[in-house]
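Quick notes on the structure that follows.
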Amino acid sequence: MTLSPARLEPVFYPRPWGALSLAPLFPEKSQLAEPIGEAWMTSTDSRFADGPFADKSLAQAWLEMPPEWTGIPAASRGPFPSGPFPLLVKFIFAEDKLSVQVHPDDAYASAHEQAAGGRGKTEMWYVIAARPGAEVLAGLKSWVTREKFERAIADAGVEECLERVPMRAGDTIFIPAGTVHTIGPGLVLCEIQQYSDLTYRIYDYNRRDAQGRARPLHIEKALEVIRFGKQSGGRIEPVRAVRSSITETYLAACPYFAAEKWDFHGKISAASSREHFDLLIFLEGSGRIEWPSGRAAYARAQVWMVPAALGEYQFFPAAHTSLLRAYVPGNLGEFARRLETEGVTSAELSRVVHS
């Protein structure tokens, strides 16, 4: 089967807190009739725009992909196609507050949510754009116990239990399962997460739809999965490595995903790993990608899947390019050792790696 980077088409979802214009990421989607909140770049309904799986959905193509595409991960995890696609990449457009919510971990989802896929949800956000004063709420304050949080739910005081985190473009937030959180207005984010849509709403600001209906809340389940006590999520101080032609910024790594940011303005070379496929998420810039058997143009707000066995490929930017590279790291110990060989210290690793 031909090995080539392949672009995925986004799937857009309306949300009550979304935006009526998705420019400049999607300039064709402005003056919308209803607010769009999320662009799922790797939805299982996303279709490949080109490559050997052109016009097929990601769900269909994933079942057909050989190891040269998917990668050969650690034996303990088995071959990827034995399960669903592992990574969901979204762009989030928040013009109002999202609900206060929490996601379950794998153990809880496996025991209680098999009908919804049985997979928990750990995620991270990279801030693409932020208006002055924009913030997220992530994690409980140190004094919050389950009893105090239940009282806050009853009294509509949930926000006062959460840590406020001011946001600027370029910030990264890590949200492990069990972390209570919400996203505030004025933010455009790239979210990288386990492929799961399990969300337990705790508070939704008494919003109603056109028929006067409220979205359902899931307080009982939320209280079962919230991590009280010491919090492990929040803002990450990334690790930056400047080389001759590229700046690499290591954002976050956990058992479910790893993400790094590449910034470059001249030709660079990259190479795939036989252990995993890569997702390249273009945040700005344009140019072309070349690989042994072909070439293709890239542009802002595109996501490309790079086969595990592609080997070396090059970028020829026409303008300064920023992209996120996301993948499933497999063994975090091996991931840490690779970064150490690149000069990353143990103290820096502790800021990025979340076991």
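Just so we're on the same page: first chain in the structure tokens is A, next is B, and so on; residues restart at 1 for each chain, and ligands are numbered from 1 in the order they show up.
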Long-range neighbours of stretch 7-23 of chain A as a PDB file with C-alpha atoms, in the first residue's frame, 10 Å cut-off, only C-alpha atoms, 5 positions minimum in chain:
ATOM      1  CA  GLU A  28     -15.181  30.373   4.661  1.00  0.00           C
ATOM      2  CA  LYS A  29     -17.217  29.859   7.857  1.00  0.00           C
ATOM      3  CA  SER A  30     -18.202  33.381   8.831  1.00  0.00           C
ATOM      4  CA  GLN A  31     -21.619  35.011   9.341  1.00  0.00           C
ATOM      5  CA  LEU A  32     -22.978  31.630  10.392  1.00  0.00           C
ATOM      6  CA  ALA A  33     -26.677  31.133  11.122  1.00  0.00           C
ATOM      7  CA  GLU A  34     -25.962  29.171  14.302  1.00  0.00           C
ATOM      8  CA  PRO A  35     -22.888  29.089  16.556  1.00  0.00           C
ATOM      9  CA  ILE A  36     -20.275  26.436  15.842  1.00  0.00           C
ATOM     10  CA  GLY A  37     -18.306  25.382  18.899  1.00  0.00           C
ATOM     11  CA  GLU A  38     -16.111  22.532  17.714  1.00  0.00           C
ATOM     12  CA  ALA A  39     -14.322  21.405  14.571  1.00  0.00           C
ATOM     13  CA  TRP A  40     -13.437  17.743  14.997  1.00  0.00           C
ATOM     14  CA  MET A  41     -10.342  17.269  12.872  1.00  0.00           C
ATOM     15  CA  THR A  42     -10.031  13.534  13.498  1.00  0.00           C
ATOM     16  CA  SER A  43     -13.651  12.533  13.904  1.00  0.00           C
ATOM     17  CA  THR A  44     -14.310   8.942  12.919  1.00  0.00           C
ATOM     18  CA  ASP A  45     -16.673  10.581  10.390  1.00  0.00           C
ATOM     19  CA  SER A  46     -13.845  12.711   8.954  1.00  0.00           C
ATOM     20  CA  ARG A  47     -12.990  11.727   5.407  1.00  0.00           C
ATOM     21  CA  PHE A  48      -9.558  11.514   3.875  1.00  0.00           C
ATOM     22  CA  ALA A  49      -9.112  14.202   1.237  1.00  0.00           C
ATOM     23  CA  ASP A  50      -6.326  12.353  -0.561  1.00  0.00           C
ATOM     24  CA  GLY A  51      -3.973   9.388  -0.376  1.00  0.00           C
ATOM     25  CA  PHE A  53      -7.892   6.139   1.629  1.00  0.00           C
ATOM     26  CA  ALA A  54      -9.332   9.138  -0.245  1.00  0.00           C
ATOM     27  CA  ASP A  55     -13.082   9.596   0.330  1.00  0.00           C
ATOM     28  CA  LYS A  56     -13.148   6.955   3.066  1.00  0.00           C
ATOM     29  CA  SER A  57     -14.077   7.852   6.629  1.00  0.00           C
ATOM     30  CA  LEU A  58     -11.407   7.611   9.301  1.00  0.00           C
ATOM     31  CA  VAL A  89      -8.090  16.499  17.736  1.00  0.00           C
ATOM     32  CA  LYS A  90     -10.496  19.429  17.910  1.00  0.00           C
ATOM     33  CA  PHE A  91     -10.488  23.169  17.402  1.00  0.00           C
ATOM     34  CA  ILE A  92     -12.716  24.803  20.035  1.00  0.00           C
ATOM     35  CA  PHE A  93     -14.296  28.243  19.466  1.00  0.00           C
ATOM     36  CA  ALA A  94     -15.649  29.586  22.776  1.00  0.00           C
ATOM     37  CA  GLU A  95     -17.732  32.770  22.724  1.00  0.00           C
ATOM     38  CA  ASP A  96     -19.493  31.909  25.985  1.00  0.00           C
ATOM     39  CA  LYS A  97     -18.647  29.757  28.983  1.00  0.00           C
ATOM     40  CA  LEU A  98     -18.728  26.017  28.480  1.00  0.00           C
ATOM     41  CA  SER A  99     -20.468  23.971  31.131  1.00  0.00           C
ATOM     42  CA  ILE A 183     -13.434  27.079  29.275  1.00  0.00           C
ATOM     43  CA  GLY A 184     -14.257  30.774  29.347  1.00  0.00           C
ATOM     44  CA  PRO A 185     -15.276  33.057  26.458  1.00  0.00           C
ATOM     45  CA  GLY A 186     -12.816  34.630  24.045  1.00  0.00           C
ATOM     46  CA  VAL A 188      -9.757  29.475  20.388  1.00  0.00           C
ATOM     47  CA  ARG A 207     -28.998  27.864  29.772  1.00  0.00           C
ATOM     48  CA  ARG A 208     -32.085  26.938  27.781  1.00  0.00           C
ATOM     49  CA  ASP A 209     -32.565  26.112  24.110  1.00  0.00           C
ATOM     50  CA  LEU A 279      -0.866  13.809  13.389  1.00  0.00           C
ATOM     51  CA  LEU A 280       0.391  17.154  12.068  1.00  0.00           C
ATOM     52  CA  ALA A 296       1.444  18.011  -1.399  1.00  0.00           C
ATOM     53  CA  TYR A 298      -0.307  22.279   3.299  1.00  0.00           C
ATOM     54  CA  ALA A 301      -6.143  24.643   9.973  1.00  0.00           C
ATOM     55  CA  GLN A 302      -5.333  21.325   8.318  1.00  0.00           C
ATOM     56  CA  VAL A 303      -4.593  17.998   9.988  1.00  0.00           C
ATOM     57  CA  TRP A 304      -2.462  15.400   8.221  1.00  0.00           C
ATOM     58  CA  MET A 305      -1.868  11.792   9.215  1.00  0.00           C
ATOM     59  CA  VAL A 306       1.712  10.619   8.650  1.00  0.00           C
TER      60      VAL A 306
END
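Among the candidate residues A:Phe316, A:Trp262, A:Phe257, A:Tyr203, the one lying nearest to A:Arg288 is A:Phe316, with distances computed using only C-alpha atoms.
The shell of residues at most 10 Å from A:Leu223, with only C-alpha atoms counted and near chain neighbours (fewer than 5 positions) removed, consists of Val102, Arg146, Phe149, Glu150, Gly178, Tyr200, Ile202, His218 and Phe228 of chain A.
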Take the residues that were just selected and, keeping N, CA and C atoms, output them as a PDB file, in the first residue's frame.
ATOM      1  N   VAL A 102     -16.624  17.410  34.081  1.00  0.00           N
ATOM      2  CA  VAL A 102     -15.524  16.520  34.435  1.00  0.00           C
ATOM      3  C   VAL A 102     -15.638  15.281  33.554  1.00  0.00           C
ATOM      4  N   ARG A 146     -15.545  17.016  49.033  1.00  0.00           N
ATOM      5  CA  ARG A 146     -16.756  16.582  48.340  1.00  0.00           C
ATOM      6  C   ARG A 146     -17.985  17.260  48.945  1.00  0.00           C
ATOM      7  N   PHE A 149     -18.175  20.848  47.885  1.00  0.00           N
ATOM      8  CA  PHE A 149     -18.494  20.971  46.465  1.00  0.00           C
ATOM      9  C   PHE A 149     -19.975  20.685  46.222  1.00  0.00           C
ATOM     10  N   GLU A 150     -20.541  19.702  46.908  1.00  0.00           N
ATOM     11  CA  GLU A 150     -21.969  19.424  46.768  1.00  0.00           C
ATOM     12  C   GLU A 150     -22.806  20.625  47.194  1.00  0.00           C
ATOM     13  N   GLY A 178     -10.953  13.289  35.751  1.00  0.00           N
ATOM     14  CA  GLY A 178     -11.256  13.577  37.149  1.00  0.00           C
ATOM     15  C   GLY A 178     -11.052  15.018  37.542  1.00  0.00           C
ATOM     16  N   TYR A 200     -19.382  14.666  31.884  1.00  0.00           N
ATOM     17  CA  TYR A 200     -20.400  14.792  32.925  1.00  0.00           C
ATOM     18  C   TYR A 200     -20.543  16.257  33.285  1.00  0.00           C
ATOM     19  N   ILE A 202     -21.758  19.407  35.295  1.00  0.00           N
ATOM     20  CA  ILE A 202     -22.054  19.694  36.697  1.00  0.00           C
ATOM     21  C   ILE A 202     -22.917  20.939  36.819  1.00  0.00           C
ATOM     22  N   HIS A 218     -25.190  15.720  35.019  1.00  0.00           N
ATOM     23  CA  HIS A 218     -24.795  14.351  35.402  1.00  0.00           C
ATOM     24  C   HIS A 218     -24.077  14.408  36.750  1.00  0.00           C
ATOM     25  N   PHE A 228     -10.812  14.710  44.285  1.00  0.00           N
ATOM     26  CA  PHE A 228     -10.672  15.702  45.350  1.00  0.00           C
ATOM     27  C   PHE A 228      -9.263  15.595  45.939  1.00  0.00           C
TER      28      PHE A 228
END
(request) Using DSSP on the backbone coordinates, identify the residues of stretch 76-236 of chain A assigned to alpha helix (DSSP H); present them as a ChimeraX atom specification. (result) /A:106-112,146-154,219-225
Just write the chosen residues, C-alpha atoms, as a PDB file, in the first residue's frame.
ATOM      1  CA  ASP A 106     -10.634   4.463  31.867  1.00  0.00           C
ATOM      2  CA  ALA A 107     -11.498   2.334  34.880  1.00  0.00           C
ATOM      3  CA  TYR A 108     -14.795   4.107  35.541  1.00  0.00           C
ATOM      4  CA  ALA A 109     -15.721   4.315  31.858  1.00  0.00           C
ATOM      5  CA  SER A 110     -14.991   0.618  31.365  1.00  0.00           C
ATOM      6  CA  ALA A 111     -17.205  -0.311  34.317  1.00  0.00           C
ATOM      7  CA  HIS A 112     -20.080   2.127  33.710  1.00  0.00           C
ATOM      8  CA  ARG A 146     -16.756  16.582  48.340  1.00  0.00           C
ATOM      9  CA  GLU A 147     -19.200  17.929  50.924  1.00  0.00           C
ATOM     10  CA  LYS A 148     -18.297  21.566  50.207  1.00  0.00           C
ATOM     11  CA  PHE A 149     -18.494  20.971  46.465  1.00  0.00           C
ATOM     12  CA  GLU A 150     -21.969  19.424  46.768  1.00  0.00           C
ATOM     13  CA  ARG A 151     -23.117  22.496  48.697  1.00  0.00           C
ATOM     14  CA  ALA A 152     -21.604  24.737  46.015  1.00  0.00           C
ATOM     15  CA  ILE A 153     -23.561  22.881  43.319  1.00  0.00           C
ATOM     16  CA  ALA A 154     -26.798  23.420  45.230  1.00  0.00           C
ATOM     17  CA  ILE A 219     -24.056  15.334  38.984  1.00  0.00           C
ATOM     18  CA  GLU A 220     -24.187  11.888  40.561  1.00  0.00           C
ATOM     19  CA  LYS A 221     -21.689  10.427  38.087  1.00  0.00           C
ATOM     20  CA  ALA A 222     -19.535  13.537  38.301  1.00  0.00           C
ATOM     21  CA  LEU A 223     -19.185  13.225  42.063  1.00  0.00           C
ATOM     22  CA  GLU A 224     -18.071   9.615  41.630  1.00  0.00           C
ATOM     23  CA  VAL A 225     -15.200  10.526  39.281  1.00  0.00           C
TER      24      VAL A 225
END
(message) as a ChimeraX atom specification, please: every residue in stretch 61-258 of chain A that a backbone DSSP assignment puts in strand (DSSP E).
(response) /A:87-94,100-102,123-130,135-140,162-166,172-175,181-183,187-194,200-203,234-236,239-242,247-253,258
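Here atom CA of A:Arg295 and atom CA of A:Arg243 stand 25.0 Å from one another.
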(request) Find the residues around A:Arg240 up to 12 Å (only C-alpha atoms counted), leave out those fewer than 6 positions away in its own chain, and share them as a list in words. (result) Ile246, Thr247, Glu248, Thr249, Tyr250, Leu251, Ala252, Glu260, Lys261, Trp262, Asp263, Leu339, Glu342, Gly343, Val344, Thr345, Glu348, Leu349, Arg351 and Val352 of chain A
(request) Between A:Ala61, A:Ile173, A:Ala258, A:Ile281, single out the one closest to A:Leu324, counting only C-alpha atoms. (result) A:Ile281
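If you measure from each of A:Ile268, A:Val328, A:Met167, A:Ala6 to A:Leu88 using only C-alpha atoms, the closest one turns out to be A:Val328.
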